[in-house]
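*Asks:* One structure, pasted below without further comment.
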2 protein chains.
Amino acid sequence: MNKDRKISDPVIKRLPRYYRFLGELAEKNVQRISSRELSDKMGLTASQIRQDLNCFGGFGQQGYGYSVQVLRDEIGHILGIDNCYKAVLFGAGNLGKAIAVHLSFEKIGFRLIGIFDNDTNKVGTKINDLTVMSEDELENFCQRNQPDAAIFCVPKSSASELLEKLYVLGIKNYWNFSHYDLAFEHDDVIVENVHLNDSLMVLCYKISNKNLHKEN
Amino acid sequence: MNKDRKISDPVIKRLPRYYRFLGELAEKNVQRISSRELSDKMGLTASQIRQDLNCFGGFGQQGYGYSVQVLRDEIGHILGIDNCYKAVLFGAGNLGKAIAVHLSFEKIGFRLIGIFDNDTNKVGTKINDLTVMSEDELENFCQRNQPDAAIFCVPKSSASELLEKLYVLGIKNYWNFSHYDLAFEHDDVIVENVHLNDSLMVLCYKISNKNLHKEN
């Protein structure tokens with residue numbers, strides 16, 4: 001694979017899906033899969049899948065399909081999930097807790113090393129094996145642990161200030177659940193936004209248009 | 001707008017962002033905006049924005065820009081957020097609670113009318129003004145209330161069984177947080193998946209490639 005090659009966003013967004021589906025196949029001891037079988041399973045065309053995988057050099061053999069394990073390992077490597085980036089989470093409310101408890105960070109490239117909240121009722125409580133810290137401890141913590149990424153589970157009103165604090169401390173990669181768009185403040189940050197409202201509005205659009213088409 | 005016109009997924013996915021940005025402008029009492037200003041704010045090109053809005057008939061006047069309020073209302077109408085679809089939520093754990101508490105359903109096309117969980121410790125507890133119900137009550141509840149959509153905040157292991165139950169009860173629109181892909185079981189369902197793992201893997205990819213490019 002040519003590491004310098006610019007891969008389009010839609011392809012990047014599909015990589016985790018490939019990784020997930022191939023993981024499920026591996027669990028079922030499936031050894032090989034054709035692009036056609038993969039396409040049926042994923043709701044993409046076989047030609048789309050071949051094109052996607054060709055972006056990374058292609059791993060299939062004509063007529064033999066893909067080795068599930070090789071392809072999965074390779075996609076995992078492309079995604080960088082063997083990196084184990086150190087992440088800190090901000091906001092120990094319901095959403096923050098859900099993220100901290102339910103996500104298998106280690107399996108997807110990260111290790112959750114700290115949780116911060118400014119609510120004194122939450123500071124000192126435990127989530128998994130982590131004790132929630134006050135943001136007063138953030139600077140020291142960063143100096144000692146050099147986190148790579150921050151997870152924003154804070155309200156929109158706190159997001160901008162937190163961003164500035166983290167930026168100065170050298171944390172420039174963000175997974176953002178706040179309703180605040182972090183992306184346009186600085187050029188050298190990486191942001192992956194999860195806008196739950198937007199997703200629900202897309203569902204609303206789809207329902208509305210299903211009904212319209214039924215009525216017509 | 002021609003309601004029968006097929007709008008591409010990327011345009012649909014951008015509509016909530018327009019809606020959100022225009023809402024922020026309206027809050028600041030901004031009356032009109034040009035496609036160029038909107039593009040700076042949203043990180044899209046002005047021509048992209050004009051193309052997007054032309055999909056819906058176009059609302060701008062050459063040289064005058066768009067009326068923020070008119071455009072926002074129109075996009076809201078296209079999204080169908082004046083519909084107030086009745087939604088029920090499954091899974092009253094941290095994630096389910098976060099969704100129920102933090103999302104302003106009414107502002108984005110839905111009303112949360114019921115929360116279900118099979119954990120007897122959770123049944124009977126209150127989230128906002130809703131009392132968590134047992135799934136034993138689901139059939140009666142559906143007959144009385146005719147929900148339009150279901151929110152899956154359940155583990156992967158429960159998702160398939162829940163889907164079948166809901167499908168039989170006539171609920172065919174799903175907002176899915178389980179790690180299970182609901183989409184490919186039935187042809188006549190609408191699914192909007194939120195795969196948090198996938199999103200975090202995309203961040204991982206972006207961080208990995210930023211570092212690679214720095215090193216090169």
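Labeling convention for the structure tokens: chains A, B, ... as they appear, residues from 1 per chain, ligands from 1 in order of appearance.
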So that I can see what lies close to Ser34 (chain A), please list as a PDB file with N, CA, C and O atoms, in the first residue's frame the residues with an atom at most 9 Å from it, counting only C-alpha atoms and leaving out residues fewer than 6 positions away in the same chain.
*Replies:*
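Everything below was put into result30.pdb:
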ATOM      1  N   ALA A  46     -20.470  -5.733  -5.529  1.00  0.00           N
ATOM      2  CA  ALA A  46     -19.176  -6.435  -5.523  1.00  0.00           C
ATOM      3  C   ALA A  46     -18.098  -5.554  -6.150  1.00  0.00           C
ATOM      4  O   ALA A  46     -16.944  -5.537  -5.711  1.00  0.00           O
ATOM      5  N   GLY A  60      -7.109  -9.716  -2.878  1.00  0.00           N
ATOM      6  CA  GLY A  60      -7.791 -10.911  -3.359  1.00  0.00           C
ATOM      7  C   GLY A  60      -7.040 -11.579  -4.502  1.00  0.00           C
ATOM      8  O   GLY A  60      -6.177 -10.980  -5.132  1.00  0.00           O
ATOM      9  N   GLY A  63     -10.837 -15.470  -8.542  1.00  0.00           N
ATOM     10  CA  GLY A  63     -11.400 -16.820  -8.449  1.00  0.00           C
ATOM     11  C   GLY A  63     -11.262 -17.469  -7.093  1.00  0.00           C
ATOM     12  O   GLY A  63     -11.907 -18.469  -6.816  1.00  0.00           O
ATOM     13  N   TYR A  64     -10.431 -16.916  -6.224  1.00  0.00           N
ATOM     14  CA  TYR A  64     -10.236 -17.523  -4.908  1.00  0.00           C
ATOM     15  C   TYR A  64     -10.841 -16.689  -3.787  1.00  0.00           C
ATOM     16  O   TYR A  64     -10.931 -17.146  -2.655  1.00  0.00           O
ATOM     17  N   GLY A  65     -11.197 -15.446  -4.103  1.00  0.00           N
ATOM     18  CA  GLY A  65     -11.727 -14.570  -3.070  1.00  0.00           C
ATOM     19  C   GLY A  65     -10.638 -14.093  -2.120  1.00  0.00           C
ATOM     20  O   GLY A  65      -9.439 -14.175  -2.431  1.00  0.00           O
ATOM     21  N   TYR A  66     -11.080 -13.635  -0.972  1.00  0.00           N
ATOM     22  CA  TYR A  66     -10.172 -13.050   0.006  1.00  0.00           C
ATOM     23  C   TYR A  66     -10.029 -13.978   1.203  1.00  0.00           C
ATOM     24  O   TYR A  66     -11.000 -14.598   1.636  1.00  0.00           O
ATOM     25  N   SER A  67      -8.837 -14.024   1.757  1.00  0.00           N
ATOM     26  CA  SER A  67      -8.667 -14.692   3.047  1.00  0.00           C
ATOM     27  C   SER A  67      -9.226 -13.757   4.110  1.00  0.00           C
ATOM     28  O   SER A  67      -8.775 -12.609   4.258  1.00  0.00           O
TER      29      SER A  67
END
*Asks:* Do you have, as CSV, the list of residues of chain A lying at most 6 Å from chain B, each with its nearest atom pair and that distance in Å to one decimal, counting only C-alpha atoms and ordered by chain then number?
*Replies:*
residue,atom,partner,partner_atom,distance
A:Pro16,CA,B:Asp198,CA,5.1
A:Leu79,CA,B:Tyr205,CA,4.4
A:Gly80,CA,B:Tyr205,CA,5.6
A:Asn94,CA,B:Ala98,CA,4.8
A:Leu95,CA,B:Ala98,CA,5.0
A:Ala98,CA,B:Asn94,CA,4.8
A:Ile108,CA,B:Met201,CA,5.9
A:Glu192,CA,B:Leu203,CA,5.7
A:Asp198,CA,B:Pro16,CA,5.1
A:Met201,CA,B:Ile108,CA,5.9
A:Leu203,CA,B:Glu192,CA,5.7
A:Tyr205,CA,B:Leu79,CA,4.4
A:Ser208,CA,B:Gly80,CA,5.7
*Asks:* Output as a PyMOL selection string all residues of region 53-163 of chain A that backbone DSSP marks as strand (DSSP E).
*Replies:* chain A and resi 66-67+85-90+110-116+126-127+130-131+149-152
*Asks:* Kindly give the distance, in Å, that separates CA of Cys142 (chain B) and CA of Leu169 (chain B), rounded to a single decimal.
*Replies:*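 Separation between CA of Cys142 (chain B) and CA of Leu169 (chain B): 7.1 Å.
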*Asks:* Calculated over only C-alpha atoms, which of the candidates B:Ala150, B:Ser158, B:Ala92, B:Leu25 has the smallest distance to Ile127 (chain B)?
*Replies:*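 So, comparing all the options, the nearest one is B:Ala92.
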*Asks:* Determine which residues of region 74-174 of chain A receive a DSSP assignment of helix (DSSP H, G or I), computed from the backbone, and state them as a ChimeraX atom specification.
*Replies:* /A:74-79,94-102,105-108,135-145,156-168
*Asks:* For Asp136 (chain B), please output as a ChimeraX atom specification all residues within 12 Å (counting only C-alpha atoms; exclusion window: fewer than 6 positions along the same chain).
*Replies:* /B:116-120,123,142,165
*Asks:* Please indicate the distance in Å from CA of Leu71 (chain B) to CA of Leu22 (chain B), rounded to one decimal place.
*Replies:*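 Separation of CA of Leu71 (chain B) and CA of Leu22 (chain B): 7.8 Å.
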*Asks:* My list of candidates is A:Gln51, A:Leu89, A:Asn29, A:Asp129. Which is closest to Asn176 (chain A) when distances are computed with only C-alpha atoms?
*Replies:*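 Of A:Gln51, A:Leu89, A:Asn29, A:Asp129, the one nearest Asn176 (chain A), counting only C-alpha atoms, is A:Leu89.
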